[in-house]
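Visitor: The structure follows.
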Amino acid sequence: MILITGGLGFIGSHVTDALLDLGESCVLVQRRPVPTGDIDDRIVIEQADLADAAAIADIGRRHEITGIVHLAGSGLGDAPIADVRDGIEGLLNVLDRAHEWGVRRIGLASTIGVYDGGGASPLSEAMPLPLSAAHGIPASKKVAEVLASYLGPAVGLEIFTMRIGAVWGPRGRPVSRFFGVPQMVHAAVRGDALDTGHYADSGLDMIYARDCGRAIAMLQTADRLRHRVYNVASGRPTTHRAISAAIERVIPGARLTLLDGYLPAMDHEVYLDISRLTGDTGFTPAYDAEAAVADYVAWLRAGNVR
């Protein structure tokens, strides 16, 4: 069974779907109370705080864990020191138990944000990362990457890090602080006019949620991984203009307003090199902008709120 921390979250739910499609069974760990209702019989949901080492150890006594996808992270809200402490403690508890259980492979979530200021695109895993960070999330992910790079070889664990692009789609937040796509789609489905405040030509590596989940599942189950770090993204820039055009094709008459040009602080396209991911798993994105918009619109119109 593959244990997924944050398995009921946005990315985690898509990783779970993809692993089930590959014939795996999953143990999903979350801090919130376990939901009720119909659940696939290949899924077990456990409530535990990752900072509670005893609770994590108890999960391993009840289930034979063969792999781990560690997606849960600290909230980095109003108490950044406490949040980072919880995140690091949770990571160390997961790695400690993985060593104890003899887990084959651990996938560790990182972010495209670690490349902040890293140079011209496509950004590759071999590029040196700046030691500074403009936001708490990439700061904590860089620390986790360094710890994993040391602890994996030191205790004999196969740990790979996933630098994940900008993810959007079903089960995601309807409003993103970092890019305008979710709010654009939601507004179009509601029939609302929307002045997004986002620049038409700013390009970012946006990966649709279903593609993201599939890529992570393929890494976790690959026969052999040749690298320690992988970019998990679409491998191409997608602009707000391209998303707006896709929305207008899927929902004729949608009223979206974008600012002309580029975001002043980002006057170039940012995207990731996914040749490592493709080379070791065969992954290529299944969704372009229009296919992704059409799928998300159908999801929302089916009665899903996000």
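Identifiers in this document derive from the order of the structure tokens: chains are assigned A, B, ..., residues are numbered from 1 separately in each chain, and ligands are numbered from 1 in order of occurrence.
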Find the spatial neighbours of stretch 156-173 of chain A, counting only C-alpha atoms, within a cut-off of 8 Å - ignore same-chain residues fewer than 4 positions away - and output them as a ChimeraX atom specification.
Guide: /A:9-11,98-99,103-112,114,145,148-149,151-152,181-182,204-210,212,216,227-234,272,292,296,299-300,306
Visitor: Keeping only N, CA and C atoms, take the residues you just selected and write them out as a short mmCIF file (atom, residue, chain, number, x, y, z; two decimals), in the first residue's frame.
Guide:
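To be explicit, this is the file written out as result.cif:
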data_model
loop_
_atom_site.label_atom_id
_atom_site.label_comp_id
_atom_site.auth_asym_id
_atom_site.auth_seq_id
_atom_site.Cartn_x
_atom_site.Cartn_y
_atom_site.Cartn_z
N GLY A 9 -6.39 16.01 -0.02
CA GLY A 9 -6.26 17.38 -0.48
C GLY A 9 -6.35 17.48 -1.99
N PHE A 10 -6.08 18.67 -2.50
CA PHE A 10 -6.22 18.96 -3.93
C PHE A 10 -5.35 18.03 -4.78
N ILE A 11 -4.04 18.15 -4.64
CA ILE A 11 -3.15 17.32 -5.45
C ILE A 11 -3.26 15.86 -5.01
N ALA A 98 9.51 5.59 7.54
CA ALA A 98 9.83 4.94 6.27
C ALA A 98 11.06 4.05 6.42
N HIS A 99 12.05 4.53 7.14
CA HIS A 99 13.25 3.74 7.39
C HIS A 99 12.91 2.50 8.22
N VAL A 103 10.45 1.03 3.60
CA VAL A 103 9.71 1.53 2.44
C VAL A 103 10.62 1.63 1.23
N ARG A 104 10.09 1.23 0.07
CA ARG A 104 10.90 1.21 -1.16
C ARG A 104 11.23 2.60 -1.65
N ARG A 105 10.25 3.51 -1.67
CA ARG A 105 10.46 4.81 -2.31
C ARG A 105 9.58 5.86 -1.67
N ILE A 106 10.14 7.07 -1.50
CA ILE A 106 9.39 8.20 -0.93
C ILE A 106 9.44 9.36 -1.91
N GLY A 107 8.27 9.86 -2.29
CA GLY A 107 8.18 11.05 -3.11
C GLY A 107 7.89 12.25 -2.22
N LEU A 108 8.66 13.31 -2.39
CA LEU A 108 8.56 14.51 -1.54
C LEU A 108 8.16 15.70 -2.40
N ALA A 109 7.05 16.34 -2.05
CA ALA A 109 6.55 17.47 -2.84
C ALA A 109 7.36 18.73 -2.58
N SER A 110 7.80 19.36 -3.67
CA SER A 110 8.40 20.69 -3.63
C SER A 110 7.60 21.57 -4.58
N THR A 111 8.16 22.66 -5.04
CA THR A 111 7.39 23.63 -5.81
C THR A 111 8.24 24.33 -6.86
N ILE A 112 7.60 24.79 -7.92
CA ILE A 112 8.24 25.61 -8.94
C ILE A 112 8.86 26.87 -8.30
N VAL A 114 10.82 27.25 -5.92
CA VAL A 114 12.22 27.18 -5.47
C VAL A 114 13.17 27.75 -6.51
N GLU A 145 14.14 19.87 0.79
CA GLU A 145 14.96 19.24 -0.26
C GLU A 145 16.37 18.95 0.24
N ALA A 148 16.33 16.03 2.67
CA ALA A 148 16.12 14.76 1.98
C ALA A 148 17.37 14.33 1.23
N SER A 149 18.09 15.30 0.64
CA SER A 149 19.29 14.96 -0.12
C SER A 149 20.37 14.37 0.78
N LEU A 151 19.56 12.93 4.08
CA LEU A 151 19.04 11.80 4.86
C LEU A 151 18.80 10.56 4.01
N GLY A 152 18.41 10.73 2.75
CA GLY A 152 18.18 9.57 1.91
C GLY A 152 19.39 8.66 1.83
N VAL A 181 -6.06 31.66 -13.36
CA VAL A 181 -6.88 30.68 -14.09
C VAL A 181 -8.09 30.18 -13.31
N PRO A 182 -7.95 29.75 -12.04
CA PRO A 182 -9.14 29.23 -11.35
C PRO A 182 -10.28 30.23 -11.30
N LEU A 204 3.17 31.04 -17.54
CA LEU A 204 3.60 30.23 -16.41
C LEU A 204 3.37 28.77 -16.76
N ASP A 205 4.18 27.89 -16.18
CA ASP A 205 3.98 26.45 -16.40
C ASP A 205 2.80 25.99 -15.56
N MET A 206 1.64 25.93 -16.20
CA MET A 206 0.41 25.50 -15.54
C MET A 206 0.13 24.05 -15.93
N ILE A 207 0.00 23.19 -14.94
CA ILE A 207 -0.30 21.78 -15.20
C ILE A 207 -1.68 21.46 -14.66
N TYR A 208 -2.50 20.83 -15.50
CA TYR A 208 -3.85 20.47 -15.08
C TYR A 208 -3.78 19.39 -14.00
N ALA A 209 -4.69 19.45 -13.05
CA ALA A 209 -4.61 18.60 -11.86
C ALA A 209 -4.58 17.12 -12.19
N ARG A 210 -5.35 16.69 -13.17
CA ARG A 210 -5.36 15.26 -13.51
C ARG A 210 -4.01 14.83 -14.09
N CYS A 212 -1.16 16.27 -13.30
CA CYS A 212 -0.24 16.31 -12.17
C CYS A 212 -0.31 15.02 -11.36
N ILE A 216 2.84 12.18 -10.89
CA ILE A 216 3.37 11.77 -9.59
C ILE A 216 3.21 10.27 -9.39
N HIS A 227 17.17 9.81 -11.17
CA HIS A 227 17.49 11.13 -10.62
C HIS A 227 16.87 11.29 -9.24
N ARG A 228 17.37 12.29 -8.52
CA ARG A 228 16.86 12.59 -7.19
C ARG A 228 15.78 13.68 -7.22
N VAL A 229 15.78 14.52 -8.27
CA VAL A 229 14.85 15.64 -8.36
C VAL A 229 14.18 15.62 -9.73
N TYR A 230 12.85 15.84 -9.74
CA TYR A 230 12.09 15.87 -10.98
C TYR A 230 11.17 17.09 -11.00
N ASN A 231 11.13 17.77 -12.14
CA ASN A 231 10.09 18.76 -12.37
C ASN A 231 8.80 18.05 -12.76
N VAL A 232 7.72 18.40 -12.10
CA VAL A 232 6.40 17.85 -12.42
C VAL A 232 5.55 19.01 -12.92
N ALA A 233 5.43 19.09 -14.23
CA ALA A 233 4.79 20.24 -14.85
C ALA A 233 4.39 19.88 -16.27
N SER A 234 3.91 20.87 -17.02
CA SER A 234 3.51 20.61 -18.41
C SER A 234 4.68 20.72 -19.36
N LEU A 272 9.09 24.83 -16.98
CA LEU A 272 10.05 23.84 -16.50
C LEU A 272 10.42 22.84 -17.58
N ALA A 292 -8.35 21.11 -20.96
CA ALA A 292 -8.41 21.29 -19.52
C ALA A 292 -9.59 22.17 -19.13
N TYR A 296 -12.77 21.01 -16.79
CA TYR A 296 -13.06 21.71 -15.54
C TYR A 296 -14.47 22.31 -15.57
N TRP A 299 -16.90 19.59 -14.96
CA TRP A 299 -16.85 19.22 -13.55
C TRP A 299 -17.68 20.18 -12.70
N LEU A 300 -17.50 21.47 -12.92
CA LEU A 300 -18.23 22.47 -12.13
C LEU A 300 -19.73 22.45 -12.47
N ARG A 306 -15.94 23.11 -6.51
CA ARG A 306 -14.56 23.53 -6.76
C ARG A 306 -13.79 22.42 -7.47
#
Visitor: Select from stretch 127-160 of chain A every residue with an atom at most 8 Å from any atom of stretch 75-92 of chain A, then for each give the shortest pair of atoms and their distance in Å to one decimal, using only C-alpha atoms, rows by chain and rising number, as a tab-separated table.
Guide:
residue	atom	partner	partner_atom	distance
A:Gly136	CA	A:Leu76	CA	6.3
A:Ile137	CA	A:Leu76	CA	7.0
A:Ser140	CA	A:Val84	CA	6.6
A:Ala144	CA	A:Ile88	CA	7.1
Visitor: Would you mind listing what lies within 9 Å of A:Asp280 as a list of chain:residue names, with only C-alpha atoms counted and same-chain residues fewer than 5 positions away left out?
Guide: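 So, after excluding close chain neighbours, the residues are A:Met218, A:Leu219, A:Ala222, A:Asp223, A:Arg224, A:Leu225, A:Arg226, A:His227, A:Ser275.
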Visitor: Could you write out that same residue set with C-alpha atoms as a PDB file, in the first residue's frame?
Guide:
ATOM      1  CA  MET A 218       4.059   7.327 -12.566  1.00  0.00           C
ATOM      2  CA  LEU A 219       7.156   8.488 -10.693  1.00  0.00           C
ATOM      3  CA  ALA A 222       8.374   3.544 -12.033  1.00  0.00           C
ATOM      4  CA  ASP A 223      10.649   0.523 -12.153  1.00  0.00           C
ATOM      5  CA  ARG A 224      13.709   2.725 -11.819  1.00  0.00           C
ATOM      6  CA  LEU A 225      14.363   6.411 -11.172  1.00  0.00           C
ATOM      7  CA  ARG A 226      17.692   7.761 -12.365  1.00  0.00           C
ATOM      8  CA  HIS A 227      17.495  11.127 -10.617  1.00  0.00           C
ATOM      9  CA  SER A 275      12.777  15.763 -19.874  1.00  0.00           C
TER      10      SER A 275
END
Visitor: Counting only C-alpha atoms, what is within 12 Å of stretch 200-203 of chain A, bar same-chain residues fewer than 5 positions away, as number ranges by chain?
Guide: A: 121-122, 166, 178-181, 195, 235-245, 256-272
Visitor: Using backbone DSSP assignments, extract all alpha helix (DSSP H) residues from stretch 194-299 of chain A; output them as a PyMOL selection string.
Guide: chain A and resi 209-221+240-250+275-281+289-299
Visitor: How about saving the chosen residues, C-alpha atoms kept, as a PDB file, in the first residue's frame?
Guide:
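The resulting file, out.pdb, is reproduced below:
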ATOM      1  CA  ALA A 209      -4.611  18.600 -11.857  1.00  0.00           C
ATOM      2  CA  ARG A 210      -5.364  15.262 -13.513  1.00  0.00           C
ATOM      3  CA  ASP A 211      -2.041  15.398 -15.381  1.00  0.00           C
ATOM      4  CA  CYS A 212      -0.238  16.307 -12.172  1.00  0.00           C
ATOM      5  CA  GLY A 213      -1.684  13.360 -10.268  1.00  0.00           C
ATOM      6  CA  ARG A 214      -0.804  10.978 -13.092  1.00  0.00           C
ATOM      7  CA  ALA A 215       2.789  12.245 -13.322  1.00  0.00           C
ATOM      8  CA  ILE A 216       3.367  11.771  -9.587  1.00  0.00           C
ATOM      9  CA  ALA A 217       1.827   8.299  -9.647  1.00  0.00           C
ATOM     10  CA  MET A 218       4.059   7.327 -12.566  1.00  0.00           C
ATOM     11  CA  LEU A 219       7.156   8.488 -10.693  1.00  0.00           C
ATOM     12  CA  GLN A 220       6.123   6.627  -7.562  1.00  0.00           C
ATOM     13  CA  THR A 221       5.580   3.358  -9.440  1.00  0.00           C
ATOM     14  CA  HIS A 240      -3.706  33.970 -19.316  1.00  0.00           C
ATOM     15  CA  ARG A 241      -4.542  35.003 -22.897  1.00  0.00           C
ATOM     16  CA  ALA A 242      -4.479  31.339 -23.978  1.00  0.00           C
ATOM     17  CA  ILE A 243      -6.760  30.340 -21.095  1.00  0.00           C
ATOM     18  CA  SER A 244      -9.139  33.214 -21.866  1.00  0.00           C
ATOM     19  CA  ALA A 245      -9.339  32.112 -25.513  1.00  0.00           C
ATOM     20  CA  ALA A 246      -9.997  28.517 -24.436  1.00  0.00           C
ATOM     21  CA  ILE A 247     -12.765  29.649 -22.075  1.00  0.00           C
ATOM     22  CA  GLU A 248     -14.393  31.667 -24.852  1.00  0.00           C
ATOM     23  CA  ARG A 249     -14.369  28.608 -27.127  1.00  0.00           C
ATOM     24  CA  VAL A 250     -15.881  26.382 -24.432  1.00  0.00           C
ATOM     25  CA  SER A 275      12.777  15.763 -19.874  1.00  0.00           C
ATOM     26  CA  ARG A 276      13.774  13.838 -16.735  1.00  0.00           C
ATOM     27  CA  LEU A 277      10.133  13.077 -15.928  1.00  0.00           C
ATOM     28  CA  THR A 278       9.360  12.016 -19.492  1.00  0.00           C
ATOM     29  CA  GLY A 279      12.562  10.006 -19.843  1.00  0.00           C
ATOM     30  CA  ASP A 280      12.013   7.952 -16.683  1.00  0.00           C
ATOM     31  CA  THR A 281       8.219   7.509 -16.860  1.00  0.00           C
ATOM     32  CA  ALA A 289      -5.539  24.559 -22.443  1.00  0.00           C
ATOM     33  CA  GLU A 290      -8.845  23.905 -24.217  1.00  0.00           C
ATOM     34  CA  ALA A 291      -9.160  20.277 -23.095  1.00  0.00           C
ATOM     35  CA  ALA A 292      -8.407  21.291 -19.518  1.00  0.00           C
ATOM     36  CA  VAL A 293     -10.914  24.153 -19.535  1.00  0.00           C
ATOM     37  CA  ALA A 294     -13.595  21.903 -21.059  1.00  0.00           C
ATOM     38  CA  ASP A 295     -13.011  19.220 -18.428  1.00  0.00           C
ATOM     39  CA  TYR A 296     -13.064  21.707 -15.535  1.00  0.00           C
ATOM     40  CA  VAL A 297     -16.188  23.439 -16.833  1.00  0.00           C
ATOM     41  CA  ALA A 298     -17.954  20.070 -17.098  1.00  0.00           C
ATOM     42  CA  TRP A 299     -16.848  19.216 -13.550  1.00  0.00           C
TER      43      TRP A 299
END
Visitor: For the atom pair atom CA of A:Phe283 and atom CA of A:Leu28, what is the interatomic distance in Å to one decimal place?
Guide: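 That distance, rounded to one decimal, is 24.1 Å.
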Visitor: Out of A:Leu147, A:Leu71, A:Cys26, A:Gly282, which residue has the shortest atom-to-atom distance to A:Asp41 when counting only C-alpha atoms?
Guide: A:Cys26
Visitor: Which of these, A:Leu194, A:Val94, A:Val146, A:Ile43, has the shortest distance to A:Leu129 once you count only C-alpha atoms?
Guide: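 With only C-alpha atoms as the atom set, the closest residue is A:Val146.
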Visitor: Tell me, as a ChimeraX atom specification, which residues lie within 6 Å of A:Ile2, counting only C-alpha atoms; anything in the same chain fewer than 6 positions away does not count.
Guide: /A:26,65-68
Visitor: Residues of stretch 54-289 of chain A in strand (DSSP E) according to DSSP, as number ranges by chain?
Guide: A: 67-70, 105-111, 159-164, 166-168, 194-199, 203-204, 206-208, 229-232, 238-239, 256-259
Visitor: Export N, CA and C atoms of the chosen residues as a tab-separated table (two decimals), in the first residue's frame?
Guide:
chain	number	residue	atom	x	y	z
A	67	GLY	N	5.27	2.26	-0.01
A	67	GLY	CA	5.74	3.50	-0.61
A	67	GLY	C	5.05	4.68	0.03
A	68	ILE	N	5.64	5.85	-0.09
A	68	ILE	CA	5.07	7.06	0.52
A	68	ILE	C	5.14	8.21	-0.49
A	69	VAL	N	4.03	8.94	-0.60
A	69	VAL	CA	4.01	10.21	-1.32
A	69	VAL	C	3.70	11.29	-0.28
A	70	HIS	N	4.69	12.11	0.01
A	70	HIS	CA	4.54	13.10	1.09
A	70	HIS	C	4.17	14.46	0.47
A	105	ARG	N	10.25	3.51	-1.67
A	105	ARG	CA	10.46	4.81	-2.31
A	105	ARG	C	9.58	5.86	-1.67
A	106	ILE	N	10.14	7.07	-1.50
A	106	ILE	CA	9.39	8.20	-0.93
A	106	ILE	C	9.44	9.36	-1.91
A	107	GLY	N	8.27	9.86	-2.29
A	107	GLY	CA	8.18	11.05	-3.11
A	107	GLY	C	7.89	12.25	-2.22
A	108	LEU	N	8.66	13.31	-2.39
A	108	LEU	CA	8.56	14.51	-1.54
A	108	LEU	C	8.16	15.70	-2.40
A	109	ALA	N	7.05	16.34	-2.05
A	109	ALA	CA	6.55	17.47	-2.84
A	109	ALA	C	7.36	18.73	-2.58
A	110	SER	N	7.80	19.36	-3.67
A	110	SER	CA	8.40	20.69	-3.63
A	110	SER	C	7.60	21.57	-4.58
A	111	THR	N	8.16	22.66	-5.04
A	111	THR	CA	7.39	23.63	-5.81
A	111	THR	C	8.24	24.33	-6.86
A	159	ILE	N	14.66	8.61	-1.94
A	159	ILE	CA	13.78	9.78	-1.85
A	159	ILE	C	13.93	10.58	-3.14
A	160	PHE	N	12.80	10.85	-3.79
A	160	PHE	CA	12.85	11.75	-4.95
A	160	PHE	C	11.98	12.97	-4.64
A	161	THR	N	12.42	14.12	-5.11
A	161	THR	CA	11.72	15.38	-4.88
A	161	THR	C	11.00	15.81	-6.15
A	162	MET	N	9.79	16.32	-5.99
A	162	MET	CA	8.97	16.75	-7.13
A	162	MET	C	8.76	18.26	-7.06
A	163	ARG	N	9.35	18.98	-7.99
A	163	ARG	CA	9.14	20.43	-8.09
A	163	ARG	C	7.93	20.66	-8.98
A	164	ILE	N	6.81	20.94	-8.33
A	164	ILE	CA	5.51	20.92	-9.00
A	164	ILE	C	5.16	22.31	-9.52
A	166	ALA	N	2.38	25.15	-11.45
A	166	ALA	CA	1.13	25.76	-11.00
A	166	ALA	C	-0.03	24.83	-11.36
A	167	VAL	N	-0.66	24.24	-10.36
A	167	VAL	CA	-1.69	23.22	-10.57
A	167	VAL	C	-3.07	23.85	-10.47
A	168	TRP	N	-3.95	23.45	-11.37
A	168	TRP	CA	-5.33	23.95	-11.32
A	168	TRP	C	-6.28	22.87	-11.84
A	194	LEU	N	-15.56	39.36	-15.29
A	194	LEU	CA	-14.45	39.31	-14.36
A	194	LEU	C	-13.29	40.13	-14.88
A	195	ASP	N	-12.89	41.12	-14.10
A	195	ASP	CA	-11.65	41.83	-14.34
A	195	ASP	C	-10.62	41.19	-13.43
A	196	THR	N	-9.82	40.31	-13.98
A	196	THR	CA	-8.96	39.47	-13.15
A	196	THR	C	-7.80	40.20	-12.52
A	197	GLY	N	-7.38	41.31	-13.12
A	197	GLY	CA	-6.18	41.97	-12.62
A	197	GLY	C	-4.92	41.24	-13.03
A	198	HIS	N	-5.03	40.26	-13.92
A	198	HIS	CA	-3.87	39.50	-14.37
A	198	HIS	C	-3.51	39.90	-15.80
A	199	TYR	N	-2.23	39.76	-16.12
A	199	TYR	CA	-1.71	40.21	-17.40
A	199	TYR	C	-1.84	39.12	-18.46
A	203	GLY	N	3.31	34.28	-18.94
A	203	GLY	CA	3.23	32.84	-19.13
A	203	GLY	C	3.84	32.09	-17.96
A	204	LEU	N	3.17	31.04	-17.54
A	204	LEU	CA	3.60	30.23	-16.41
A	204	LEU	C	3.37	28.77	-16.76
A	206	MET	N	1.64	25.93	-16.20
A	206	MET	CA	0.41	25.50	-15.54
A	206	MET	C	0.13	24.05	-15.93
A	207	ILE	N	0.00	23.19	-14.94
A	207	ILE	CA	-0.30	21.78	-15.20
A	207	ILE	C	-1.68	21.46	-14.66
A	208	TYR	N	-2.50	20.83	-15.50
A	208	TYR	CA	-3.85	20.47	-15.08
A	208	TYR	C	-3.78	19.39	-14.00
A	229	VAL	N	15.78	14.52	-8.27
A	229	VAL	CA	14.85	15.64	-8.36
A	229	VAL	C	14.18	15.62	-9.73
A	230	TYR	N	12.85	15.84	-9.74
A	230	TYR	CA	12.09	15.87	-10.98
A	230	TYR	C	11.17	17.09	-11.00
A	231	ASN	N	11.13	17.77	-12.14
A	231	ASN	CA	10.09	18.76	-12.37
A	231	ASN	C	8.80	18.05	-12.76
A	232	VAL	N	7.72	18.40	-12.10
A	232	VAL	CA	6.40	17.85	-12.42
A	232	VAL	C	5.55	19.01	-12.92
A	238	THR	N	1.93	28.56	-20.35
A	238	THR	CA	0.55	28.84	-20.75
A	238	THR	C	0.22	30.24	-20.27
A	239	THR	N	-0.26	31.09	-21.14
A	239	THR	CA	-0.57	32.47	-20.77
A	239	THR	C	-2.03	32.60	-20.37
A	256	LEU	N	-14.42	38.13	-19.93
A	256	LEU	CA	-13.20	38.19	-19.12
A	256	LEU	C	-12.34	39.35	-19.61
A	257	THR	N	-11.79	40.08	-18.67
A	257	THR	CA	-10.93	41.21	-19.01
A	257	THR	C	-9.55	40.98	-18.44
A	258	LEU	N	-8.53	41.09	-19.28
A	258	LEU	CA	-7.15	40.94	-18.85
A	258	LEU	C	-6.40	42.24	-19.09
A	259	LEU	N	-5.36	42.44	-18.32
A	259	LEU	CA	-4.50	43.59	-18.53
A	259	LEU	C	-3.55	43.29	-19.69
Visitor: Residues at most 8 Å from A:Thr16, counting only C-alpha atoms, excluding those fewer than 2 positions away in the same chain, as a list in words?
Guide: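 Everything that qualifies: Ile4, Gly7, Gly12, Ser13, His14, Ala18, Leu19, Leu20, Cys26, Gly213 and Ala217 of chain A.
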Visitor: Can those selected residues be exported to a file as a compact mmCIF listing (two decimals), in the first residue's frame so that it contains C-alpha atoms?
Guide:
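Writing done, so here's part-v5.txt:
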# COMPACT_ATOMS: atom_id res chain seq x y z
CA ILE A 4 -0.18 9.54 0.85
CA GLY A 7 -4.19 12.35 0.30
CA GLY A 12 -3.37 14.27 -3.18
CA SER A 13 -6.83 13.32 -4.39
CA HIS A 14 -5.62 13.26 -8.00
CA ALA A 18 -4.01 7.89 -10.62
CA LEU A 19 -2.51 5.28 -8.30
CA LEU A 20 -5.82 3.41 -8.18
CA CYS A 26 -3.63 3.68 -0.81
CA GLY A 213 -1.68 13.36 -10.27
CA ALA A 217 1.83 8.30 -9.65
